[in-house]
$ cat input_31.txt   # compact mmCIF, C-alpha atoms
# COMPACT_ATOMS: atom_id res chain seq x y z
CA MET U 1 -176.92 18.94 0.50
CA LYS U 2 -176.69 18.25 4.26
CA VAL U 3 -174.04 15.59 3.64
CA TYR U 4 -172.02 18.01 1.50
CA LEU U 5 -172.11 20.75 4.18
CA LEU U 6 -171.11 18.24 6.86
CA ALA U 7 -168.10 17.09 4.79
CA ALA U 8 -167.00 20.68 4.19
CA SER U 9 -167.20 21.47 7.92
CA VAL U 10 -165.06 18.44 8.75
CA ALA U 11 -162.43 19.51 6.19
CA LEU U 12 -162.25 23.03 7.64
CA LEU U 13 -161.80 21.67 11.15
CA ALA U 14 -159.03 19.34 10.00
CA ALA U 15 -157.14 22.19 8.32
CA ALA U 16 -157.38 24.39 11.40
CA ALA U 17 -156.13 21.69 13.79
CA PRO U 18 -152.41 21.78 12.79
CA GLN U 19 -152.34 25.59 13.04
CA HIS U 20 -153.83 25.43 16.51
CA ALA U 21 -151.33 22.76 17.53
CA THR U 22 -148.44 24.84 16.18
CA ALA U 23 -149.54 27.88 18.14
CA GLN U 24 -149.78 25.76 21.32
CA THR U 25 -146.25 24.41 20.68
CA ARG U 26 -144.89 27.93 20.28
CA ARG U 27 -146.50 29.00 23.53
CA ALA U 28 -145.15 25.93 25.28
CA ASN U 29 -141.60 26.66 24.10
CA ARG U 30 -141.63 30.13 25.67
CA THR U 31 -140.04 30.72 29.05
CA PRO U 32 -141.93 32.76 31.67
CA THR U 33 -139.99 35.82 30.50
CA GLY U 34 -141.36 35.44 26.99
CA GLN U 35 -138.10 34.28 25.42
CA ALA U 36 -137.71 31.04 23.48
CA ALA U 37 -136.82 28.01 25.58
CA PRO U 38 -133.40 26.43 25.01
CA VAL U 39 -133.35 23.84 22.23
CA ALA U 40 -132.43 20.32 23.31
CA PRO U 41 -129.31 18.81 21.68
CA GLY U 42 -130.21 17.04 18.46
CA ALA U 43 -133.56 18.79 18.13
CA PRO U 44 -134.33 20.56 14.83
CA THR U 45 -133.39 24.24 14.95
CA ALA U 46 -135.80 27.01 14.16
CA PRO U 47 -135.19 29.20 11.08
CA ASP U 48 -133.02 32.26 11.54
CA ASN U 49 -135.33 35.26 11.37
CA THR U 50 -132.80 37.89 12.42
CA ALA U 51 -132.97 41.25 10.70
CA THR U 52 -131.12 42.01 7.48
CA PRO U 53 -127.59 43.40 8.09
CA PRO U 54 -127.59 47.20 8.34
CA ALA U 55 -126.62 49.24 5.30
CA ASP U 56 -123.28 51.03 5.10
CA ALA U 57 -122.88 54.77 4.71
CA ASN U 58 -123.60 54.54 0.98
CA GLY U 59 -126.86 52.71 1.57
CA LYS U 60 -125.53 49.36 0.31
CA LEU U 61 -125.61 46.14 2.28
CA ASP U 62 -122.16 45.04 3.45
CA TYR U 63 -121.74 41.28 3.70
CA ARG U 64 -117.96 41.27 4.00
CA ASN U 65 -116.71 39.56 7.13
CA PRO U 66 -112.96 40.16 7.62
CA ALA U 67 -112.86 37.32 10.14
CA ALA U 68 -113.28 34.90 7.23
CA ASP U 69 -109.87 35.90 5.84
CA ALA U 70 -108.09 33.81 8.46
CA GLN U 71 -110.06 30.63 7.71
CA ILE U 72 -107.31 28.86 5.74
CA PRO U 73 -106.36 25.33 6.88
CA VAL U 74 -102.92 25.41 5.20
CA GLU U 75 -100.16 26.73 7.44
CA ALA U 76 -98.97 30.24 6.62
CA ASP U 77 -95.38 29.25 5.87
CA LYS U 78 -96.51 26.71 3.24
CA ARG U 79 -98.76 28.98 1.21
CA GLN U 80 -96.18 30.82 -0.90
CA PRO U 81 -94.18 27.70 -1.88
CA VAL U 82 -97.44 26.01 -2.91
CA THR U 83 -98.47 29.08 -4.90
CA ASP U 84 -95.13 29.37 -6.68
CA ASP U 85 -95.12 25.75 -7.89
CA LEU U 86 -98.76 25.76 -8.93
CA GLN U 87 -98.64 29.16 -10.63
CA ALA U 88 -95.80 27.93 -12.84
CA THR U 89 -97.65 24.70 -13.60
CA VAL U 90 -100.91 26.45 -14.46
CA ALA U 91 -99.09 28.75 -16.89
CA GLU U 92 -97.50 25.74 -18.59
CA LEU U 93 -100.81 23.89 -18.82
CA LEU U 94 -102.50 26.90 -20.38
CA GLU U 95 -99.66 27.14 -22.89
CA LEU U 96 -100.01 23.42 -23.72
CA PHE U 97 -103.74 23.94 -24.13
CA HIS U 98 -103.22 26.68 -26.74
CA ASP U 99 -100.48 24.70 -28.48
CA SER U 100 -102.70 21.62 -28.70
CA LYS U 101 -105.53 23.63 -30.20
CA GLN U 102 -103.14 25.26 -32.69
CA CYS U 103 -102.02 21.81 -33.82
CA HIS U 104 -105.57 20.45 -33.71
CA TRP U 105 -106.77 23.13 -36.13
CA ASN U 106 -103.83 23.19 -38.56
CA LEU U 107 -102.92 19.51 -38.69
CA ARG U 108 -102.27 17.82 -42.06
CA GLY U 109 -101.12 14.36 -43.08
CA PRO U 110 -102.14 10.68 -43.03
CA LEU U 111 -102.37 10.65 -39.22
CA TYR U 112 -104.81 13.55 -39.26
CA LEU U 113 -107.84 11.78 -37.80
CA PRO U 114 -106.28 10.02 -34.77
CA LEU U 115 -104.02 12.98 -33.96
CA HIS U 116 -106.81 15.50 -34.44
CA GLU U 117 -108.93 13.67 -31.85
CA LYS U 118 -106.00 13.04 -29.49
CA LEU U 119 -104.95 16.69 -29.51
CA GLN U 120 -108.45 17.72 -28.49
CA GLU U 121 -108.47 15.11 -25.73
CA ASN U 122 -105.14 16.41 -24.43
CA ALA U 123 -106.35 20.01 -24.59
CA ASP U 124 -109.33 19.09 -22.42
CA GLU U 125 -106.98 17.49 -19.87
CA TYR U 126 -104.75 20.57 -19.70
CA ARG U 127 -107.76 22.76 -19.07
CA LYS U 128 -109.07 20.36 -16.44
CA TYR U 129 -105.83 20.21 -14.45
CA ALA U 130 -105.21 23.95 -14.83
CA ASP U 131 -108.57 24.54 -13.18
CA ILE U 132 -107.87 22.06 -10.36
CA LEU U 133 -104.46 23.53 -9.56
CA ALA U 134 -105.65 27.12 -9.89
CA GLU U 135 -108.37 26.41 -7.34
CA ARG U 136 -105.75 24.91 -5.02
CA VAL U 137 -103.91 28.25 -5.08
CA LEU U 138 -107.14 30.01 -4.10
CA GLN U 139 -107.61 27.46 -1.30
CA VAL U 140 -104.29 28.47 0.27
CA GLY U 141 -105.32 32.12 0.21
CA HIS U 142 -103.56 33.51 -2.87
CA PRO U 143 -104.80 34.62 -6.32
CA ILE U 144 -103.86 32.82 -9.52
CA ASP U 145 -102.70 34.61 -12.67
CA GLY U 146 -103.84 33.08 -15.95
CA ARG U 147 -103.57 36.17 -18.13
CA THR U 148 -102.24 35.50 -21.62
CA ALA U 149 -99.32 37.91 -21.16
CA VAL U 150 -98.26 36.09 -17.99
CA VAL U 151 -98.58 32.68 -19.65
CA ALA U 152 -96.50 33.81 -22.65
CA ALA U 153 -93.81 35.30 -20.41
CA THR U 154 -93.50 32.46 -17.88
CA ALA U 155 -94.39 29.14 -19.52
CA ASN U 156 -90.95 29.04 -21.18
CA LEU U 157 -91.75 26.37 -23.77
CA GLY U 158 -90.55 28.19 -26.87
CA ASP U 159 -92.54 29.47 -29.82
CA MET U 160 -95.09 27.38 -31.67
CA PRO U 161 -94.85 27.74 -35.47
CA GLY U 162 -97.82 29.17 -37.30
CA GLY U 163 -99.59 27.93 -40.40
CA TYR U 164 -100.25 24.36 -41.44
CA LEU U 165 -98.42 21.61 -39.55
CA THR U 166 -97.70 18.09 -40.73
CA ASP U 167 -98.51 15.16 -38.51
CA LYS U 168 -94.77 14.50 -38.11
CA GLN U 169 -94.13 18.09 -37.00
CA VAL U 170 -96.96 17.89 -34.49
CA LEU U 171 -95.71 14.63 -33.01
CA ILE U 172 -92.21 16.03 -32.50
CA LEU U 173 -93.31 19.46 -31.26
CA MET U 174 -95.93 18.28 -28.80
CA THR U 175 -93.91 15.33 -27.49
CA GLU U 176 -91.00 17.66 -26.69
CA ARG U 177 -93.22 20.25 -25.03
CA ILE U 178 -95.19 17.76 -22.96
CA THR U 179 -91.99 16.00 -21.89
CA THR U 180 -90.52 19.32 -20.72
CA VAL U 181 -93.56 20.07 -18.57
CA ALA U 182 -93.72 16.48 -17.28
CA LYS U 183 -90.12 16.71 -16.02
CA ARG U 184 -90.80 20.05 -14.31
CA VAL U 185 -93.91 18.64 -12.65
CA ARG U 186 -91.92 15.69 -11.29
CA GLN U 187 -89.46 18.13 -9.69
CA ARG U 188 -92.36 20.02 -8.11
CA ILE U 189 -93.83 16.79 -6.78
CA ASP U 190 -90.55 16.13 -4.96
CA HIS U 191 -90.53 19.72 -3.68
CA GLN U 192 -94.14 19.66 -2.49
CA SER U 193 -93.72 16.26 -0.80
CA LYS U 194 -91.61 18.14 1.76
CA ILE U 195 -94.12 21.01 2.06
CA ASP U 196 -97.73 20.00 1.43
CA GLU U 197 -98.84 16.44 0.73
CA VAL U 198 -102.22 17.49 -0.68
CA THR U 199 -100.60 19.62 -3.37
CA SER U 200 -98.04 16.90 -4.05
CA ASN U 201 -100.85 14.39 -4.59
CA GLN U 202 -102.61 16.69 -7.04
CA LEU U 203 -99.40 17.11 -9.02
CA GLN U 204 -98.93 13.34 -9.06
CA GLU U 205 -102.28 12.94 -10.81
CA LEU U 206 -101.18 15.46 -13.42
CA SER U 207 -97.83 13.72 -13.76
CA TYR U 208 -99.49 10.43 -14.61
CA ALA U 209 -101.62 12.12 -17.29
CA LEU U 210 -98.59 13.83 -18.86
CA ASP U 211 -96.51 10.64 -18.87
CA LYS U 212 -99.37 8.86 -20.61
CA GLN U 213 -99.62 11.56 -23.27
CA VAL U 214 -95.88 11.37 -23.99
CA TRP U 215 -96.10 7.61 -24.34
CA GLN U 216 -99.07 7.81 -26.70
CA PHE U 217 -97.27 10.29 -28.97
CA ARG U 218 -93.98 8.41 -28.74
CA VAL U 219 -95.43 5.15 -30.03
CA HIS U 220 -96.67 6.95 -33.16
CA MET U 221 -93.04 7.73 -33.97
CA GLN U 222 -91.59 4.27 -33.26
$ encode --input "input_31.txt" --output "structure tokens"
Amino acid sequence: MKVYLLAASVALLAAAAPQHATAQTRRANRTPTGQAAPVAPGAPTAPDNTATPPADANGKLDYRNPAADAQIPVEADKRQPVTDDLQATVAELLELFHDSKQCHWNLRGPLYLPLHEKLQENADEYRKYADILAERVLQVGHPIDGRTAVVAATANLGDMPGGYLTDKQVLILMTERITTVAKRVRQRIDHQSKIDEVTSNQLQELSYALDKQVWQFRVHMQ
């Protein structure tokens, strides 16, 4: 019993030692005026224990900081040209996404299986690049518009027929539509190379993907 009590006492003393040391450190870091001493460069910083921001007149916390609005690395005169090119491209990619899914669902013919899978793969790529380019527009300080009405009015790729589609129809339709967008993207790459290299580089990645898709559909028809 004596050994057990002795061990328990030692454990309690060991647990109290770090707390005592921490309190001594806090006292040592105080200046004579009672304020915290300056932190040496490279030293770990203490947690921020400042009070919660005050509530607005309606009793709700207001976290908006208007000073953040100006934190955009892209120069002001480049933002609208970047937005215009990318908005048009995003609308086209969303249209290609819907067209690919329409063909993917309604496809018929001996090439059904490979085309069915390829159309889904292409649709995933359109969605991926639409997201990348849309975020680039947000990065330069402007909103993106992906509403279906806007896509239908601005993509300018023509109507997609409804109902069942043969594999031959799909190859012709999608190859023509992808080629149209690929050519437009190449023009925008040239335009953006004179405005913003980052945006131009992103469009170049898309351009490679579109060229590859056209090639893969073209060889099915040769």
$ closest_residue --input "input_31.txt" --among "U:Leu171, U:Val150, U:Leu206, U:Gly163" --to "Asp131 (chain U)" --atoms "only C-alpha atoms"
U:Leu206
$ residues_around --input "input_31.txt" --residues "Ile189 (chain U)" --least-positions-apart "5" --cutoff "7 Å" --atoms "all atoms listed in the file" --output "list in words"
Ser200, Leu203 and Gln204 of chain U
$ closest_residue --input "input_31.txt" --among "U:Gln80, U:Gln222, U:Asn58, U:Thr45" --to "His142 (chain U)" --atoms "all atoms listed in the file"
U:Gln80
$ residues_around --input "input_31.txt" --residues "Leu111 (chain U)" --least-positions-apart "2" --cutoff "10 Å" --atoms "all atoms listed in the file" --output "list in words"
Leu107, Arg108, Gly109, Leu113, Pro114, Leu115, His116, Thr166, Asp167, Lys168, Leu171 and His220 of chain U
$ write_last_selection --input "input_31.txt" --atoms "C-alpha atoms" --output "compact mmCIF listing (two decimals), in the frame of the given file"
# COMPACT_ATOMS: atom_id res chain seq x y z
CA LEU U 107 -102.92 19.51 -38.69
CA ARG U 108 -102.27 17.82 -42.06
CA GLY U 109 -101.12 14.36 -43.08
CA LEU U 113 -107.84 11.78 -37.80
CA PRO U 114 -106.28 10.02 -34.77
CA LEU U 115 -104.02 12.98 -33.96
CA HIS U 116 -106.81 15.50 -34.44
CA THR U 166 -97.70 18.09 -40.73
CA ASP U 167 -98.51 15.16 -38.51
CA LYS U 168 -94.77 14.50 -38.11
CA LEU U 171 -95.71 14.63 -33.01
CA HIS U 220 -96.67 6.95 -33.16
$ atom_distance --input "input_31.txt" --atom1 "CA of Glu117 (chain U)" --atom2 "CA of Gly158 (chain U)"
23.9 Å
$ atom_distance --input "input_31.txt" --atom1 "CA of Gln213 (chain U)" --atom2 "CA of Gln192 (chain U)"
23.0 Å
$ atom_distance --input "input_31.txt" --atom1 "CA of Gln187 (chain U)" --atom2 "CA of Val214 (chain U)"
17.1 Å
$ residues_around --input "input_31.txt" --residues "Gln71 (chain U)" --least-positions-apart "6" --cutoff "12 Å" --atoms "all atoms listed in the file" --output "JSON, numbers by chain"
{"U": [65, 139, 140, 141]}
$ write_last_selection --input "input_31.txt" --atoms "C-alpha atoms" --output "tab-separated table (two decimals), in the frame of the given file"
chain	number	residue	atom	x	y	z
U	65	ASN	CA	-116.71	39.56	7.13
U	139	GLN	CA	-107.61	27.46	-1.30
U	140	VAL	CA	-104.29	28.47	0.27
U	141	GLY	CA	-105.32	32.12	0.21
$ closest_residue --input "input_31.txt" --among "U:Val137, U:Gln202, U:Val82, U:Leu210" --to "Asn122 (chain U)" --atoms "all atoms listed in the file"
U:Leu210
$ residues_around --input "input_31.txt" --residues "Thr89 (chain U)" --least-positions-apart "6" --cutoff "10 Å" --atoms "only C-alpha atoms" --output "PyMOL selection string"
chain U and resi 83+95+129-130+133-134+154-155+181-182+184-185+188+203+206
$ write_last_selection --input "input_31.txt" --atoms "C-alpha atoms" --output "PDB file, keeping the file's coordinate frame"
ATOM      1  CA  THR U  83     -98.470  29.080  -4.900  1.00  0.00           C
ATOM      2  CA  GLU U  95     -99.660  27.140 -22.890  1.00  0.00           C
ATOM      3  CA  TYR U 129    -105.830  20.210 -14.450  1.00  0.00           C
ATOM      4  CA  ALA U 130    -105.210  23.950 -14.830  1.00  0.00           C
ATOM      5  CA  LEU U 133    -104.460  23.530  -9.560  1.00  0.00           C
ATOM      6  CA  ALA U 134    -105.650  27.120  -9.890  1.00  0.00           C
ATOM      7  CA  THR U 154     -93.500  32.460 -17.880  1.00  0.00           C
ATOM      8  CA  ALA U 155     -94.390  29.140 -19.520  1.00  0.00           C
ATOM      9  CA  VAL U 181     -93.560  20.070 -18.570  1.00  0.00           C
ATOM     10  CA  ALA U 182     -93.720  16.480 -17.280  1.00  0.00           C
ATOM     11  CA  ARG U 184     -90.800  20.050 -14.310  1.00  0.00           C
ATOM     12  CA  VAL U 185     -93.910  18.640 -12.650  1.00  0.00           C
ATOM     13  CA  ARG U 188     -92.360  20.020  -8.110  1.00  0.00           C
ATOM     14  CA  LEU U 203     -99.400  17.110  -9.020  1.00  0.00           C
ATOM     15  CA  LEU U 206    -101.180  15.460 -13.420  1.00  0.00           C
TER      16      LEU U 206
END
$ closest_residue --input "input_31.txt" --among "U:Ile195, U:Phe97, U:Gln120, U:Pro143" --to "Asp77 (chain U)" --atoms "all atoms listed in the file"
U:Ile195
$ residues_near_point --input "input_31.txt" --point "(-107.5, 31.3, 7.5)" --cutoff "12 Å" --atoms "all atoms listed in the file" --output "PyMOL selection string"
chain U and resi 66-76+79+138-142
$ closest_residue --input "input_31.txt" --among "U:Arg147, U:Leu165, U:Ile178, U:Leu86" --to "Thr199 (chain U)" --atoms "only C-alpha atoms"
U:Leu86
$ axis_aligned_box --input "input_31.txt" --around "region 79-93 of chain U" --padding-each-side "5 Å" --output "lines of an AutoDock Vina configuration file"
center_x = -97.5
center_y = 27.4
center_z = -8.8
size_x = 16.7
size_y = 16.9
size_z = 30.0
$ closest_residue --input "input_31.txt" --among "U:Glu92, U:Asp85, U:Glu121, U:Glu197" --to "Gln216 (chain U)" --atoms "only C-alpha atoms"
U:Glu121
